[in-house]
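To start, the structure under review is shown below, and the notes come after it.
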Amino acid sequence: MKYAFFLGCIAPLRYPGIEKSTREVFKALGVELVDLKDASCCPAPGVIKSFSKTTWLAAAARNLALAEKAGLDIVTICNGCYGSLFDAAHELHEDKKLLDEVNKTLGEIGLKYSGNTKVKHFAEVLHREVGIDAIKAAVKRPLEYKVATFYGCHFLKPSNIKHLDDPENPKLLDELIEAVGAKSMPRQQKMMCCGAGGGLRSQFGETALKFTKTNLENIKASGAEMIVDVCPFCHLQFDAGQKELGFDLSVLHLAQLYGIAMGMEAKDLGINVHVTPVKL
């Protein structure tokens, strides 16, 4: 298992511990990550695409072409990056006319894309390719946390082309959580947006926090003591948003949770720099 590692923007700039955790966890599980040199923003699906689909598609295709040039498929640790790159890859694979138009733009910078790069989410790789049994075998410190799994918006949808799980009642992340000994707690409105997406956090912060508050209230009511997400942007919204809302739930990216379960030190996983202190 070898992939071009697409970092995105939020993880390396705001939560480098998520990046390091992913590298260490995948290394321990036999997945090789190759840095995707000169990669740009994915670009953000709810922002750039809304203004100019052509610009969004060309920028995404450039990243796909870089991975193709390296002879690798892409793995990403962010739902937004996954949504943007996956959707672009799908459209370009299915529409030759669109691919030809994009290649005219890429040709201006000496690139060409054939339309065949596959894009995978790191949680998908963990579940489908590494497998639950291999994950269980790598656990050195079984965890007993009561966890609220947070899927986010772009991971499973559009479900008719991703086919990862039931988009309304998924189990994939719950199974990954429970593979390290934690318990996934059922709750109301499990698939609700964190509130940050589509530029809502930056343009309408108070509205975004209303979504976050509802999520946090439902998570508290479920008995969960920790949120585990698979997207740095969701991670940012819960970690920083709680300070404004007066909640104190621990927030971990799945890679960080796995790092702890595999015996790695919390300080080496970037957990000590979260806005909301993590209680382990």
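Naming scheme: A, B, ... for chains in displayed order of the structure tokens; residues 1 onward per chain; ligands 1 onward as shown.
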
Quick one: everything within 12 Å of region 111-118 of chain A, counting only C-alpha atoms, minus sequence neighbours fewer than 5 positions away in the same chain. Send it as a PyMOL selection string. chain A and resi 3-4+57-76+82+85-106+162

Writing out the chosen residues with C-alpha atoms as an mmCIF file, in the first residue's frame:
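Full text of out-v6.cif as output:
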data_model
loop_
_atom_site.group_PDB
_atom_site.id
_atom_site.type_symbol
_atom_site.label_atom_id
_atom_site.label_comp_id
_atom_site.auth_asym_id
_atom_site.auth_seq_id
_atom_site.Cartn_x
_atom_site.Cartn_y
_atom_site.Cartn_z
ATOM 1 C CA TYR A 3 -0.090 6.564 -1.756
ATOM 2 C CA ALA A 4 0.620 10.180 -2.604
ATOM 3 C CA LEU A 57 -11.793 21.724 -11.768
ATOM 4 C CA ALA A 58 -8.487 22.937 -13.223
ATOM 5 C CA ALA A 59 -6.910 23.413 -9.783
ATOM 6 C CA ALA A 60 -8.089 19.985 -8.631
ATOM 7 C CA ALA A 61 -6.904 18.393 -11.885
ATOM 8 C CA ARG A 62 -3.447 19.858 -11.344
ATOM 9 C CA ASN A 63 -3.192 17.971 -8.032
ATOM 10 C CA LEU A 64 -4.503 14.799 -9.649
ATOM 11 C CA ALA A 65 -1.969 15.168 -12.456
ATOM 12 C CA LEU A 66 0.900 15.533 -9.981
ATOM 13 C CA ALA A 67 -0.099 12.258 -8.321
ATOM 14 C CA GLU A 68 -0.464 10.577 -11.696
ATOM 15 C CA LYS A 69 3.003 11.796 -12.681
ATOM 16 C CA ALA A 70 4.341 10.106 -9.541
ATOM 17 C CA GLY A 71 2.497 6.906 -10.469
ATOM 18 C CA LEU A 72 0.369 6.955 -7.316
ATOM 19 C CA ASP A 73 -3.210 7.311 -6.173
ATOM 20 C CA ILE A 74 -4.026 9.947 -3.554
ATOM 21 C CA VAL A 75 -4.901 9.545 0.113
ATOM 22 C CA THR A 76 -6.139 12.522 2.099
ATOM 23 C CA TYR A 82 -11.493 14.225 -0.283
ATOM 24 C CA LEU A 85 -10.547 15.776 -5.372
ATOM 25 C CA PHE A 86 -12.838 12.747 -5.553
ATOM 26 C CA ASP A 87 -15.605 14.695 -7.290
ATOM 27 C CA ALA A 88 -13.169 16.250 -9.760
ATOM 28 C CA ALA A 89 -11.563 12.892 -10.498
ATOM 29 C CA HIS A 90 -14.996 11.357 -11.072
ATOM 30 C CA GLU A 91 -16.146 14.108 -13.432
ATOM 31 C CA LEU A 92 -12.943 14.025 -15.458
ATOM 32 C CA HIS A 93 -12.984 10.236 -15.695
ATOM 33 C CA GLU A 94 -16.586 10.219 -16.934
ATOM 34 C CA ASP A 95 -16.474 13.209 -19.312
ATOM 35 C CA LYS A 96 -13.762 13.162 -22.011
ATOM 36 C CA LYS A 97 -14.803 16.542 -23.378
ATOM 37 C CA LEU A 98 -14.374 18.099 -19.952
ATOM 38 C CA LEU A 99 -11.032 16.343 -19.552
ATOM 39 C CA ASP A 100 -9.826 17.735 -22.880
ATOM 40 C CA GLU A 101 -10.820 21.261 -21.823
ATOM 41 C CA VAL A 102 -8.977 20.931 -18.515
ATOM 42 C CA ASN A 103 -5.895 19.561 -20.256
ATOM 43 C CA LYS A 104 -5.727 22.705 -22.385
ATOM 44 C CA THR A 105 -5.277 24.658 -19.168
ATOM 45 C CA LEU A 106 -2.847 22.141 -17.669
ATOM 46 C CA LYS A 162 -18.569 6.974 -3.375
#

Taking only C-alpha atoms into account, produce a table as a Markdown table in which each residue of region 67-116 of chain A with an atom at most 8 Å from an atom of region 219-231 of chain A appears once, together with its shortest atom pair and the distance in Å to one decimal, ordered by chain and rising number.
| residue | atom | partner | partner_atom | distance |
| --- | --- | --- | --- | --- |
| A:Ile77 | CA | A:Cys231 | CA | 6.4 |
| A:Cys78 | CA | A:Cys231 | CA | 4.3 |
| A:Asn79 | CA | A:Cys231 | CA | 5.2 |
| A:Gly80 | CA | A:Cys231 | CA | 7.5 |

As an MDAnalysis selection string, list the residues of region 59-266 of chain A assigned to strand (DSSP E or B) by DSSP on the backbone atoms of this structure. chainID A and resid 74:76 119:121 146:150 183:184 226:229 250:253

Expected file contents, prior selection, C-alpha atoms, as a PDB file, in the first residue's frame:
ATOM      1  CA  ILE A  74      -4.026   9.947  -3.554  1.00  0.00           C
ATOM      2  CA  VAL A  75      -4.901   9.545   0.113  1.00  0.00           C
ATOM      3  CA  THR A  76      -6.139  12.522   2.099  1.00  0.00           C
ATOM      4  CA  VAL A 119      -8.687   9.455  -4.521  1.00  0.00           C
ATOM      5  CA  LYS A 120      -9.160   7.768  -1.149  1.00  0.00           C
ATOM      6  CA  HIS A 121      -9.913   8.969   2.356  1.00  0.00           C
ATOM      7  CA  LYS A 146     -16.885   6.741  25.225  1.00  0.00           C
ATOM      8  CA  VAL A 147     -16.682   8.368  21.821  1.00  0.00           C
ATOM      9  CA  ALA A 148     -18.904  10.435  19.555  1.00  0.00           C
ATOM     10  CA  THR A 149     -17.874   9.638  15.991  1.00  0.00           C
ATOM     11  CA  PHE A 150     -18.128  12.606  13.670  1.00  0.00           C
ATOM     12  CA  LYS A 183     -17.168   2.589  22.549  1.00  0.00           C
ATOM     13  CA  SER A 184     -19.079   4.558  19.932  1.00  0.00           C
ATOM     14  CA  MET A 226     -14.717  12.634  23.450  1.00  0.00           C
ATOM     15  CA  ILE A 227     -15.309  13.618  19.815  1.00  0.00           C
ATOM     16  CA  VAL A 228     -13.323  11.752  17.179  1.00  0.00           C
ATOM     17  CA  ASP A 229     -13.395  13.302  13.712  1.00  0.00           C
ATOM     18  CA  SER A 250     -11.944  16.392  24.200  1.00  0.00           C
ATOM     19  CA  VAL A 251     -11.499  16.419  20.416  1.00  0.00           C
ATOM     20  CA  LEU A 252      -9.219  14.016  18.550  1.00  0.00           C
ATOM     21  CA  HIS A 253      -8.680  13.263  14.888  1.00  0.00           C
TER      22      HIS A 253
END

Contact check, region 156-272 of chain A to region 6-23 of chain A, at most 8 Å, counting only C-alpha atoms, closest pairs as JSON lines:
{"residue": "A:Pro232", "atom": "CA", "partner": "A:Ala11", "partner_atom": "CA", "distance": 5.7}
{"residue": "A:Phe233", "atom": "CA", "partner": "A:Ile10", "partner_atom": "CA", "distance": 6.5}
{"residue": "A:His253", "atom": "CA", "partner": "A:Ile18", "partner_atom": "CA", "distance": 6.6}
{"residue": "A:Ala255", "atom": "CA", "partner": "A:Thr22", "partner_atom": "CA", "distance": 5.2}
{"residue": "A:Gln256", "atom": "CA", "partner": "A:Ser21", "partner_atom": "CA", "distance": 5.4}
{"residue": "A:Gly259", "atom": "CA", "partner": "A:Ser21", "partner_atom": "CA", "distance": 6.0}
{"residue": "A:Asp268", "atom": "CA", "partner": "A:Gly17", "partner_atom": "CA", "distance": 7.4}
{"residue": "A:Leu269", "atom": "CA", "partner": "A:Gly17", "partner_atom": "CA", "distance": 4.8}
{"residue": "A:Gly270", "atom": "CA", "partner": "A:Gly17", "partner_atom": "CA", "distance": 3.8}
{"residue": "A:Ile271", "atom": "CA", "partner": "A:Gly17", "partner_atom": "CA", "distance": 6.7}

Those same residues - N, CA, C and O atoms - I'd like them written as a short mmCIF file (atom, residue, chain, number, x, y, z; two decimals), in the first residue's frame.
data_model
loop_
_atom_site.label_atom_id
_atom_site.label_comp_id
_atom_site.auth_asym_id
_atom_site.auth_seq_id
_atom_site.Cartn_x
_atom_site.Cartn_y
_atom_site.Cartn_z
N PRO A 232 -9.80 17.79 9.46
CA PRO A 232 -9.21 18.90 10.21
C PRO A 232 -10.11 20.13 10.33
O PRO A 232 -10.00 20.88 11.29
N PHE A 233 -10.99 20.34 9.35
CA PHE A 233 -11.87 21.51 9.43
C PHE A 233 -12.96 21.30 10.47
O PHE A 233 -13.27 22.20 11.25
N HIS A 253 -8.58 13.82 16.23
CA HIS A 253 -8.68 13.26 14.89
C HIS A 253 -8.45 11.76 15.03
O HIS A 253 -7.74 11.31 15.92
N ALA A 255 -6.61 9.74 13.50
CA ALA A 255 -5.19 9.38 13.48
C ALA A 255 -4.55 9.57 14.85
O ALA A 255 -3.69 8.78 15.26
N GLN A 256 -4.97 10.60 15.58
CA GLN A 256 -4.44 10.84 16.92
C GLN A 256 -4.92 9.76 17.89
O GLN A 256 -4.15 9.27 18.72
N GLY A 259 -2.92 6.75 17.24
CA GLY A 259 -1.57 6.91 17.76
C GLY A 259 -1.49 6.58 19.24
O GLY A 259 -0.57 5.89 19.70
N ASP A 268 3.75 13.82 21.20
CA ASP A 268 4.28 13.59 19.85
C ASP A 268 3.18 13.56 18.80
O ASP A 268 3.46 13.51 17.60
N LEU A 269 1.94 13.58 19.25
CA LEU A 269 0.80 13.54 18.35
C LEU A 269 0.13 14.90 18.22
O LEU A 269 -0.91 15.03 17.56
N GLY A 270 0.72 15.93 18.84
CA GLY A 270 0.19 17.28 18.73
C GLY A 270 -1.04 17.55 19.56
O GLY A 270 -1.70 18.58 19.39
N ILE A 271 -1.36 16.67 20.48
CA ILE A 271 -2.58 16.81 21.25
C ILE A 271 -2.48 17.95 22.26
O ILE A 271 -3.47 18.59 22.62
#

With only C-alpha atoms as the basis for distance, which of A:Leu29, A:Gly83, A:Tyr258, A:Glu24 is at the shortest distance from Cys42 (chain A)? A:Gly83

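Pairwise distance (CA of Lys171 (chain A), CA of Leu126 (chain A)) equals 13.6 Å.
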
What separation in Å, quoted to one decimal, exists between CA of Met1 (chain A) and CA of Leu236 (chain A)? 29.2 Å

Step one, run DSSP on the backbone; step two, keep only residues of region 108-171 of chain A assigned to helix (DSSP H, G or I); then write them as a list in words.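 Taking region 108-171 of chain A and keeping helix (DSSP H, G or I) only, one gets Phe122, Ala123, Glu124, Val125, Leu126, His127, Arg128, Glu129, Val130, Ile132, Asp133, Ala134, Ile135, Lys136, Ala137, Ala138, Ser159, Asn160, Ile161 and Lys162 of chain A.
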
Residues of the last selection are to be written out with C-alpha atoms, as an mmCIF file, in the first residue's frame.
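Saved to out17.cif:
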data_model
loop_
_atom_site.group_PDB
_atom_site.id
_atom_site.type_symbol
_atom_site.label_atom_id
_atom_site.label_comp_id
_atom_site.auth_asym_id
_atom_site.auth_seq_id
_atom_site.Cartn_x
_atom_site.Cartn_y
_atom_site.Cartn_z
ATOM 1 C CA PHE A 122 -7.508 7.684 4.992
ATOM 2 C CA ALA A 123 -10.400 6.180 6.996
ATOM 3 C CA GLU A 124 -11.438 4.266 3.880
ATOM 4 C CA VAL A 125 -7.898 2.892 3.535
ATOM 5 C CA LEU A 126 -7.874 1.887 7.200
ATOM 6 C CA HIS A 127 -11.205 0.091 6.981
ATOM 7 C CA ARG A 128 -11.039 -1.505 3.539
ATOM 8 C CA GLU A 129 -7.352 -2.093 2.903
ATOM 9 C CA VAL A 130 -5.597 -2.326 6.262
ATOM 10 C CA ILE A 132 -10.044 -4.237 11.355
ATOM 11 C CA ASP A 133 -8.053 -7.339 12.300
ATOM 12 C CA ALA A 134 -4.702 -5.729 11.453
ATOM 13 C CA ILE A 135 -5.686 -2.608 13.404
ATOM 14 C CA LYS A 136 -6.621 -4.674 16.460
ATOM 15 C CA ALA A 137 -3.289 -6.483 16.242
ATOM 16 C CA ALA A 138 -1.413 -3.137 16.317
ATOM 17 C CA SER A 159 -23.096 8.369 -1.821
ATOM 18 C CA ASN A 160 -24.167 7.316 -5.322
ATOM 19 C CA ILE A 161 -20.585 7.646 -6.556
ATOM 20 C CA LYS A 162 -18.569 6.974 -3.375
#

In Å, rounded to a single decimal, give me how far CA of Glu168 (chain A) is from CA of Asn215 (chain A).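 Atom-to-atom, CA of Asn215 (chain A) and CA of Glu168 (chain A) are spaced 15.9 Å apart.
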
Neighbouring residues of Ala240 (chain A) were defined as those with any atom within 10 Å, considering only C-alpha atoms; residues of the same chain fewer than 4 positions away were excluded. Please report them as a VMD selection string. chain A and resid 235 to 236 244 to 245 251 274 to 276
